[in-house]
Each structure stands twice: as structure tokens, then as C-alpha cells.
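**Student:** Below are the C-alpha cells for one structure; questions will follow.
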Amino acid sequence: MSPHQAWLFAVVVVTLGALFSTPSNGVVSASASVGPPRRSSDEAYATLLYGNEFLLGARVLGKSLRNTGTTKDMVALVSNGVSAYARELLQADGWIVTKVDLVANPNRGVKPRRLWGVYTKLRIFNMTDYKKVVYLDADTVVVKNIEKMFKCGKFCAVLKHSERFNAGVLVVEPSQAMFEDMMSKVNTLESYTGGDQGFLESYFPGFANARIFEPNLPPEILDSRPVPKMERLPTIYNADVGQCVISNNWKVNASEIGVLHYTIGPLKPWDWWTSWLLKPADAWQNVRKQLPESLPGTGGGGIPDENFLVKILLFLPFGALFFCYYRSLLPTRDYFSSLSDQIKHLHFKSRSAGTHIYNGVSTSSTSNPNHQAKVPVYLGGVSVIFSFMAALVALSIAFAIVPRQVMPWTGLLLVYEWIFTIFFLLFGGYLRLVYHWAKATAVQSGSPTFRSESLEYDSGKGHQRFAQSCDNATWYYWLLMAVLAIAIPLLPSFLGLTSLFPRIVLMVAGGLILASFMTYASEHLAIRSFQKGVEDRDTTRSKNTCPS
Ligand SMILES: *[C@@H]1O[C@H](CO)[C@@H](O)[C@H](O)[C@H]1NC(C)=O
Ligand SMILES: *[C@@H]1O[C@H](CO)[C@@H](O)[C@H](O)[C@H]1NC(C)=O
């Protein structure tokens, strides 16, 4: 067996082993074995799911509630869009799962489409099995005991900006009469949001002037006055993460916050990229890590179907690259064989590294007019455009195939792996094309004096082979591109920037640096490949090829 075959064999064995190793089946929690949870309290926390996308959010919310030590019921209202598996998992987590029909949104053609079923939230007013219901959106997480909320009167919410309230956290005293009254007005009452929040705003007019909820008043004062129709909750019961990252300030005593609400649309806490953008997502991720393995493979927020996919995604690029390497479809062989030469010549490079990287091109344009004529003027521009297109394609594919709800580190790793693999294959293939094209055209035209000249120009001493330095430079280009691509998105996290806008500004600035370097590197790599193609037009005279 040749070393190459041995390598391939080892990679295949390790990959298969990792793919088919069954995840450790931890102890399935007790609640799954004693049947679904039943009603055991006359007060309940409730949430609502329209689809499986919010399943992980609901699981984390449930775990965060249990972490506060509450013994109240937890009721998940689920619509038809929620799968049987999701319902089973919620039950195993301790939720009382109640199927509900969607309440159709009367505002025809509502945009965005996610608002289509949101009137279903009104069904919490009909949960008459309970005296009081604290409703929490599935994109909230409880960070402190919030049991005081059950002292709230008939209807409580947190007032936001523009004298409107946010319907993500509500305290409701269920009443079938009120619910039926609401249902009769769904088609007539105006909704400024096109959803439930706007409807409730119209249903409870004058909410902005409601009294603030004071759970700590002595009972004799509370009993002596009539229960208000509605009360305003303090902001700590619905702390807006969006508002916090924009102003980089909670505006309330952060240690008193009870409920965090992840309001920014595309930055839901379960999407892996959110953790790299929003500091407050850490609170959510911390609870997610504690999720029990209620059903096999669901510990730590794992999604059984995705666990296998993630493994495939993790190993496939290695397999693909290795296959290409093995079949010599890629220049990697040249890279690796040149690596040992590089180490040998390290002392030489350390003395002349700066000029060494770039002198191939600069020399050719000054001292080698014969060569300069060979490189087509449009090659640089075409290469830059191609490299950016390749980067864009790699980025799009990577983000499209990596599951959204994996752990932040897994997502980052997978996306990088796929971006680099796809970019390397596309741009490497392009460089190879340039190389062969140059080789073919050079054979036709021919330039006998050129080769010997360029053999000497690079070392400056005549003992360094051209291909050697060419490999080195190519290595540096690829390496620097990779380092920049990794460092730039991670920079804000390492600098400890918590505010969203400075983070984005820093990333955009870093992206510009990366783009400038890519412009430079892609042009030079292409020119080098072209030069090398010309060099190698006579294959019998040169074996050590420049990676193309
Ligand atoms: C409201 O709840 C009551 C009692 O639980 C039930 O009988 C009734 O059908 C519900 N109304 C709607 C519209 O679902
Ligand atoms: C914030 O709340 C905590 C706990 O309630 C309290 O100990 C602390 O003094 C408060 N800090 C400020 C600045 O009010």
C-alpha cells in the first residue's frame, strides 16, 4: 500500500466510524415513562407553537422556568403545524401539550407571512381550567423567579415605545365570556400590527394610562381597591434584547430582569450565528446546554435528525478534498511536497520573506518584458471577479446547508469548513484552468529565452528554484486569506464588544480588508499560474510545478 492509499484508507475508516457510532443513549427522563403531564395547579405558564422551528425555543423556555423552581403547570398550545415528534418531546420535557386550531387572521394578505396564525394567541383567554395564566413567547427565556406575576389582576403586559404594549409576555385571567367577546370582534377591531398585538391594543384601549403593577403592596391595600381591568408590568418582565443591543444598555437594573425577550427578527437565539452577534444570547445558550435528554439524542438541545447530518457535513469536505488530492485533481500534492522543502529553506525565507512573496510578479513586470507580454491584460480582472463569485457561491452554499439550530461553535466550524472547501475547489480549479490554458497557448507561440531567465530571477543567487519560491508564495496567499477570513468575524467577540452596531461596523471594515486582500491575491495567484503554465510548456524540462 502506498502512503497515499494508506491515508485514504485511514480517513475512510475514521469517517465511517464517526458516522455510524450511535450516540450514547442517556437515561431518558422520568416524565416520559409515566405518561404525559396532567393538570396539577390552578395557575399555569403557557406558550404557543405554530411550527417546529420554535420547538427548541419552547424547550429552553420550559427548562428556564423549571430552573426557577416553579411547580406551576406549563402548557404548550400547539397548532397543526407542530409535528407529532415535537409534541412528544415537549411532553417528555414536562409540558402539557394542548392542540388548538388556528384562529384565522382577518387582515387579508398580511405581511410578513409569519403573522398569519398569530391571532391564535387569543386562545390563552379561553384557558378556563386555570385561574391565571402567564403567557410567554417561545423566543423568551426566564432568568429569575417570576412567580409574582401571578398576583397580577385581569390583564397585564409590558408597555413598550409609542404607548403600545408588547404581547410577548402577558398575564391573563382566562374568561370564556371575554374570549367569546374577542372572537366576535376579531373581524371588526383594527390591528395596527396586522396581528394579535395590534388587536389586543384595540381591545384594551388606554392601556398606556393603566396603573403600574405593584405586587409588593400590603394585602390590605390590594384588597381594599377594585381589581383594575388592566395593569402595566415593569420592563424587567419583558426585557427587550433588541433594544438592549442597539443602545448597549438595559435601561433597568440588569440583575432584576426576570424575562429576556429576543425580539430581533433574524437573530433568534436558536440560530447559531446569533451567539456571535448578540451578547445576551449567552443566557439562552446556557439554558440550552442544560436541556435533559428527554428523548434519545435531545440532550443539550440536540436534534436527532440533524446530529447525523452534522456529522456528514463535518466529514464530507475532508473526504472531497482528500479524493481530489488523491486523484491529483488539486494542487495540494505540490503544496504538501513543497512543505518539507519550505522547512529546509526556512532560514533563507526568514531573511528575505518580505520581498520573497511578491517578487515573482514584480520581477516579471520589470526585468522580464518578454514574459510580461505573455500575460493577458484581462487575466487579473477576470480572476478578481471569479474569486469574488467563488467566495459568494461558497458563502451561500455554506449558510444554506448548515442547519440553523446547531450549537454556535458547530455552526461556525461547519460554515468555515464548507466555505473554505468550496472556495478552494472553485478557485483552485480556476487556477488550474489558467495554468493549462497558458501551457497550451505557450506551446503554440513559444518563447525560448524566457524560461532560463525566470529560473534565475527569483532566488537572486541562482541556487533557488523558481517552483520553490512559487509554492511558498502561493502558500502564503492561501494561508493569509484563511487567517483573515477566520479572524475578522471573530474579532468583535474577542474584543468584548457587546453592542450590535460597533460589531457590525468592525465586521464590515474587516470584510473590506479581506476583500482587498482577495483582490490582490487572486490576481497574483492567477498570474503565477499563467506564468507557470508558460514555464511548463515543455514538460520534459520541468517537473516541479507551481501549484495552479
Ligand atoms: C373555550 O373553552 C370552553 C371550555 O373549555 C370550550 O367549551 C369552548 O369550546 C372554547 N371555545 C373555543 C372557541 O374554542
Ligand atoms: C439592582 O438590583 C439588585 C437586586 O435586586 C440590588 O441588590 C442592587 O442594589 C440594584 N442596583 C441598583 C443600582 O439599583
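Simple scheme: letters A, B, ... for chains in C-alpha cells order, numbers from 1 for residues in each chain, numbers from 1 for ligands in the order shown.
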Would you list the contacts of A:Leu514 as a list in words, taking every protein, DNA or RNA residue within 7 Å and counting only C-alpha atoms, but skipping same-chain residues closer than 4 positions in sequence?
**Tutor:**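 Here the answer would be Leu484, Ala485, Gly510 and Met518 of chain A.
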**Student:** Quick one: DSSP helix (DSSP H, G or I) residues in stretch 90-159 of chain A, as a VMD selection string?
**Tutor:** chain A and resid 90 to 92 113 to 126 147 to 151
**Student:** Could you give me the residues within 12 Å of ligand 1, counting only C-alpha atoms and all ligand atoms, as a list of chain:residue names?
**Tutor:**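 For ligand 1, the residues inside 12 Å are A:Thr98, A:Lys99, A:Val100, A:Asp101, A:Leu102, A:Val103, A:Thr120, A:Lys121, A:Leu122, A:Arg123, A:Ile124, A:Phe125, A:Asn126, A:Met127, A:Thr128, A:Asp129, A:Tyr130, A:Pro174, A:Ser175, A:Gln176, A:Ala177, A:Met178, A:Phe179, A:Glu180, A:Asp181, A:Met182, A:Met183, A:Ser184.
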**Student:** Pick out the residues no farther than 12 Å from ligand 2, counting only C-alpha atoms and all ligand atoms, and list them as a list in words.
**Tutor:**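 The residues near ligand 2 are Lys144, Ile236, Trp250, Lys251, Val252, Asn253, Ala254, Ser255, Glu256, Ile257 and Gly258 of chain A.
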**Student:** Please provide as a PyMOL selection string all residues within 12 Å of stretch 503-507 of chain A, with the sequence filter that same-chain residues fewer than 3 positions apart are discarded (counting only C-alpha atoms).
**Tutor:** chain A and resi 245-246+248+276-279+484-500+510-515
**Student:** Those same residues - N, CA, C and O atoms - I'd like them written as a CSV table (one decimal), in the first residue's frame.
**Tutor:**
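The result, written out as part.csv:
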chain,number,residue,atom,x,y,z
A,245,VAL,N,-29.3,45.7,22.7
A,245,VAL,CA,-28.1,45.6,21.9
A,245,VAL,C,-27.9,46.9,21.0
A,245,VAL,O,-26.8,47.3,20.6
A,246,ILE,N,-29.1,47.5,20.8
A,246,ILE,CA,-29.0,48.8,20.0
A,246,ILE,C,-28.4,49.9,20.8
A,246,ILE,O,-27.5,50.6,20.4
A,248,ASN,N,-27.0,49.3,23.8
A,248,ASN,CA,-25.9,48.7,24.6
A,248,ASN,C,-26.2,49.0,26.1
A,248,ASN,O,-25.3,49.3,26.9
A,276,TRP,N,-22.9,34.8,18.0
A,276,TRP,CA,-21.7,35.5,17.6
A,276,TRP,C,-22.0,37.0,17.4
A,276,TRP,O,-21.1,37.8,17.1
A,277,LEU,N,-23.2,37.4,17.4
A,277,LEU,CA,-23.6,38.8,17.2
A,277,LEU,C,-24.2,39.4,18.5
A,277,LEU,O,-24.0,40.6,18.7
A,278,LEU,N,-25.0,38.7,19.2
A,278,LEU,CA,-25.6,39.2,20.4
A,278,LEU,C,-25.1,38.6,21.7
A,278,LEU,O,-25.2,37.4,21.9
A,279,LYS,N,-24.6,39.5,22.5
A,279,LYS,CA,-24.1,39.0,23.8
A,279,LYS,C,-25.2,38.4,24.6
A,279,LYS,O,-25.0,37.3,25.3
A,484,LEU,N,-7.3,35.7,7.6
A,484,LEU,CA,-8.2,36.9,7.6
A,484,LEU,C,-9.6,36.5,7.7
A,484,LEU,O,-10.4,37.1,8.5
A,485,ALA,N,-10.0,35.5,7.0
A,485,ALA,CA,-11.4,35.1,6.9
A,485,ALA,C,-11.9,34.6,8.3
A,485,ALA,O,-13.0,34.7,8.7
A,486,ILE,N,-11.0,34.0,9.0
A,486,ILE,CA,-11.3,33.4,10.4
A,486,ILE,C,-11.3,34.6,11.4
A,486,ILE,O,-12.2,34.7,12.2
A,487,ALA,N,-10.3,35.4,11.3
A,487,ALA,CA,-10.1,36.4,12.4
A,487,ALA,C,-11.1,37.5,12.3
A,487,ALA,O,-11.6,37.9,13.4
A,488,ILE,N,-11.5,37.9,11.1
A,488,ILE,CA,-12.4,39.1,11.0
A,488,ILE,C,-13.7,38.9,11.7
A,488,ILE,O,-14.1,39.7,12.5
A,489,PRO,N,-14.5,37.8,11.4
A,489,PRO,CA,-15.8,37.7,12.1
A,489,PRO,C,-15.7,37.5,13.6
A,489,PRO,O,-16.6,37.8,14.3
A,490,LEU,N,-14.5,36.9,14.0
A,490,LEU,CA,-14.4,36.6,15.5
A,490,LEU,C,-13.9,37.8,16.3
A,490,LEU,O,-14.0,37.8,17.5
A,491,LEU,N,-13.3,38.8,15.6
A,491,LEU,CA,-12.7,39.9,16.2
A,491,LEU,C,-13.6,40.6,17.3
A,491,LEU,O,-13.2,40.8,18.4
A,492,PRO,N,-14.8,41.0,16.9
A,492,PRO,CA,-15.7,41.6,17.9
A,492,PRO,C,-15.9,40.8,19.2
A,492,PRO,O,-15.8,41.4,20.3
A,493,SER,N,-16.0,39.5,19.0
A,493,SER,CA,-16.2,38.7,20.2
A,493,SER,C,-15.0,38.7,21.1
A,493,SER,O,-15.0,38.8,22.3
A,494,PHE,N,-13.8,38.7,20.5
A,494,PHE,CA,-12.6,38.7,21.2
A,494,PHE,C,-12.3,40.0,21.9
A,494,PHE,O,-11.7,40.1,22.9
A,495,LEU,N,-12.7,41.1,21.2
A,495,LEU,CA,-12.5,42.4,21.7
A,495,LEU,C,-13.5,42.7,22.8
A,495,LEU,O,-13.5,43.7,23.5
A,496,GLY,N,-14.5,41.8,23.0
A,496,GLY,CA,-15.5,42.0,24.0
A,496,GLY,C,-16.5,43.1,23.7
A,496,GLY,O,-17.1,43.7,24.6
A,497,LEU,N,-16.8,43.4,22.4
A,497,LEU,CA,-17.8,44.4,22.0
A,497,LEU,C,-19.2,43.8,22.2
A,497,LEU,O,-19.4,42.7,21.7
A,498,THR,N,-20.0,44.4,23.0
A,498,THR,CA,-21.3,43.8,23.2
A,498,THR,C,-22.4,44.5,22.4
A,498,THR,O,-23.4,44.0,22.1
A,499,SER,N,-22.1,45.7,21.9
A,499,SER,CA,-23.2,46.5,21.2
A,499,SER,C,-23.2,46.1,19.8
A,499,SER,O,-22.1,45.8,19.2
A,500,LEU,N,-24.4,46.0,19.2
A,500,LEU,CA,-24.5,45.4,17.9
A,500,LEU,C,-23.9,46.3,16.8
A,500,LEU,O,-23.1,45.8,15.9
A,510,GLY,N,-13.5,44.8,8.5
A,510,GLY,CA,-12.7,43.6,8.3
A,510,GLY,C,-13.0,43.0,7.0
A,510,GLY,O,-12.1,42.5,6.3
A,511,GLY,N,-14.3,43.0,6.6
A,511,GLY,CA,-14.7,42.4,5.3
A,511,GLY,C,-14.0,43.1,4.2
A,511,GLY,O,-13.6,42.5,3.2
A,512,LEU,N,-13.9,44.5,4.3
A,512,LEU,CA,-13.2,45.3,3.3
A,512,LEU,C,-11.8,44.9,3.1
A,512,LEU,O,-11.2,44.8,2.1
A,513,ILE,N,-11.1,44.7,4.3
A,513,ILE,CA,-9.7,44.3,4.3
A,513,ILE,C,-9.6,43.0,3.6
A,513,ILE,O,-8.7,42.8,2.7
A,514,LEU,N,-10.4,42.0,4.0
A,514,LEU,CA,-10.4,40.7,3.4
A,514,LEU,C,-10.6,40.8,1.8
A,514,LEU,O,-9.9,40.2,1.1
A,515,ALA,N,-11.6,41.6,1.5
A,515,ALA,CA,-11.9,41.8,0.0
A,515,ALA,C,-10.7,42.4,-0.7
A,515,ALA,O,-10.4,41.9,-1.8
**Student:** For atom CA of A:Pro205 and atom CA of A:Leu170, quote the distance in Å rounded to one decimal.
**Tutor:**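 Separation between atom CA of A:Pro205 and atom CA of A:Leu170: 15.8 Å.
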**Student:** So, counting only C-alpha atoms, which residue among A:Thr474, A:Thr235, A:Gln405, A:Asn209 is closest to A:Asn52?
**Tutor:**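 Distance minimum relative to A:Asn52 lands on A:Gln405.
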**Student:** Between atom CA of A:Thr140 and atom CA of A:Pro266, what is the spacing in Å?
**Tutor:**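 So the two atoms, atom CA of A:Pro266 and atom CA of A:Thr140, lie 14.8 Å apart.
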**Student:** Might you pull out every residue within 9 Å of A:Gly57, with only C-alpha atoms counted and same-chain residues fewer than 6 positions away left off, and present them as JSON, numbers by chain?
**Tutor:** {"A": [137, 138, 139, 140, 141, 268, 269, 270, 284, 288]}
**Student:** Could you write out the selected residues, including C-alpha atoms, as a PDB file, in the first residue's frame?
**Tutor:**
ATOM      1  CA  ASP A 137     -43.490  33.742  23.709  1.00  0.00           C
ATOM      2  CA  ALA A 138     -41.245  30.852  22.705  1.00  0.00           C
ATOM      3  CA  ASP A 139     -38.448  33.341  21.998  1.00  0.00           C
ATOM      4  CA  THR A 140     -38.226  34.372  25.649  1.00  0.00           C
ATOM      5  CA  VAL A 141     -36.131  32.896  28.410  1.00  0.00           C
ATOM      6  CA  LYS A 268     -33.426  34.323  17.123  1.00  0.00           C
ATOM      7  CA  PRO A 269     -31.400  32.788  19.952  1.00  0.00           C
ATOM      8  CA  TRP A 270     -31.605  29.281  18.474  1.00  0.00           C
ATOM      9  CA  TRP A 284     -30.315  31.429  26.318  1.00  0.00           C
ATOM     10  CA  ARG A 288     -29.964  25.168  26.221  1.00  0.00           C
TER      11      ARG A 288
END
**Student:** Using atom CA of A:Trp475 and atom CA of A:Phe423 as the two end points, give the distance in Å to one decimal.
**Tutor:**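 So the answer is 15.1 Å.
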**Student:** Please list as a CSV table (one decimal) with all heavy atoms, in the first residue's frame every residue within 7 Å of A:Val384, counting only C-alpha atoms and excluding residues in the same chain fewer than 6 positions away.
**Tutor:**
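selection-v3.csv written:
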chain,number,residue,atom,x,y,z
A,519,THR,N,-8.7,40.6,-3.7
A,519,THR,CA,-8.4,41.2,-5.0
A,519,THR,C,-7.0,41.0,-5.4
A,519,THR,O,-6.6,40.6,-6.5
A,519,THR,CB,-8.8,42.7,-4.9
A,519,THR,OG1,-10.1,42.8,-4.4
A,519,THR,CG2,-8.7,43.3,-6.3
A,522,SER,N,-5.9,37.1,-5.6
A,522,SER,CA,-6.5,36.3,-6.7
A,522,SER,C,-5.8,36.7,-8.0
A,522,SER,O,-5.5,35.8,-8.8
A,522,SER,CB,-8.0,36.5,-6.8
A,522,SER,OG,-8.3,37.8,-6.9
A,523,GLU,N,-5.5,38.0,-8.1
A,523,GLU,CA,-4.8,38.5,-9.3
A,523,GLU,C,-3.5,37.8,-9.4
A,523,GLU,O,-3.1,37.3,-10.5
A,523,GLU,CB,-4.8,40.0,-9.3
A,523,GLU,CG,-4.3,40.6,-10.6
A,523,GLU,CD,-4.3,42.1,-10.5
A,523,GLU,OE1,-5.0,42.7,-9.6
A,523,GLU,OE2,-3.6,42.7,-11.3
**Student:** Just want the 10 Å neighbourhood of stretch 212-223 of chain A, counted on only C-alpha atoms, with same-chain residues fewer than 5 positions away dropped. Output as a short mmCIF file (atom, residue, chain, number, x, y, z; two decimals) with C-alpha atoms, in the first residue's frame.
**Tutor:**
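Listing of around.cif after writing:
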data_model
loop_
_atom_site.label_atom_id
_atom_site.label_comp_id
_atom_site.auth_asym_id
_atom_site.auth_seq_id
_atom_site.Cartn_x
_atom_site.Cartn_y
_atom_site.Cartn_z
CA LYS A 148 -45.01 37.34 41.44
CA MET A 149 -46.59 37.83 38.04
CA PHE A 150 -49.48 35.57 39.08
CA LYS A 151 -50.55 38.31 41.50
CA CYS A 152 -51.44 40.45 38.52
CA GLY A 153 -55.15 41.24 38.11
CA CYS A 156 -51.09 42.69 32.35
CA ALA A 157 -48.45 43.48 29.77
CA VAL A 158 -45.24 45.47 29.43
CA LEU A 159 -45.53 48.88 27.85
CA PRO A 228 -58.18 47.00 37.68
CA MET A 230 -55.55 46.11 33.15
CA GLU A 231 -52.15 46.80 34.67
CA ARG A 232 -48.73 47.65 33.33
CA LEU A 233 -45.89 45.28 34.15
CA PRO A 234 -42.39 46.63 34.85
#
**Student:** Can you pull out every residue within 9 Å of A:Tyr477, counting only C-alpha atoms, but drop anything in the same chain fewer than 5 positions away, and send it as a PyMOL selection string?
**Tutor:** chain A and resi 357+472+482+517-518+521-522+524-525
**Student:** Name the closest residue to A:Arg66 among the candidates A:Val287, A:Val169, A:Val483, A:Leu414; distances are taken between atoms, counting only C-alpha atoms.
**Tutor:**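 Looking at the shortest contact to A:Arg66, the residue is A:Val287.
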**Student:** Please determine, counting only C-alpha atoms, which residue among A:Leu56, A:Leu379, A:Val118, A:Ala526 has the shortest atom-to-atom distance to A:Gly300.
**Tutor:**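 Answer, going by the shortest atom-to-atom distance: A:Leu56.
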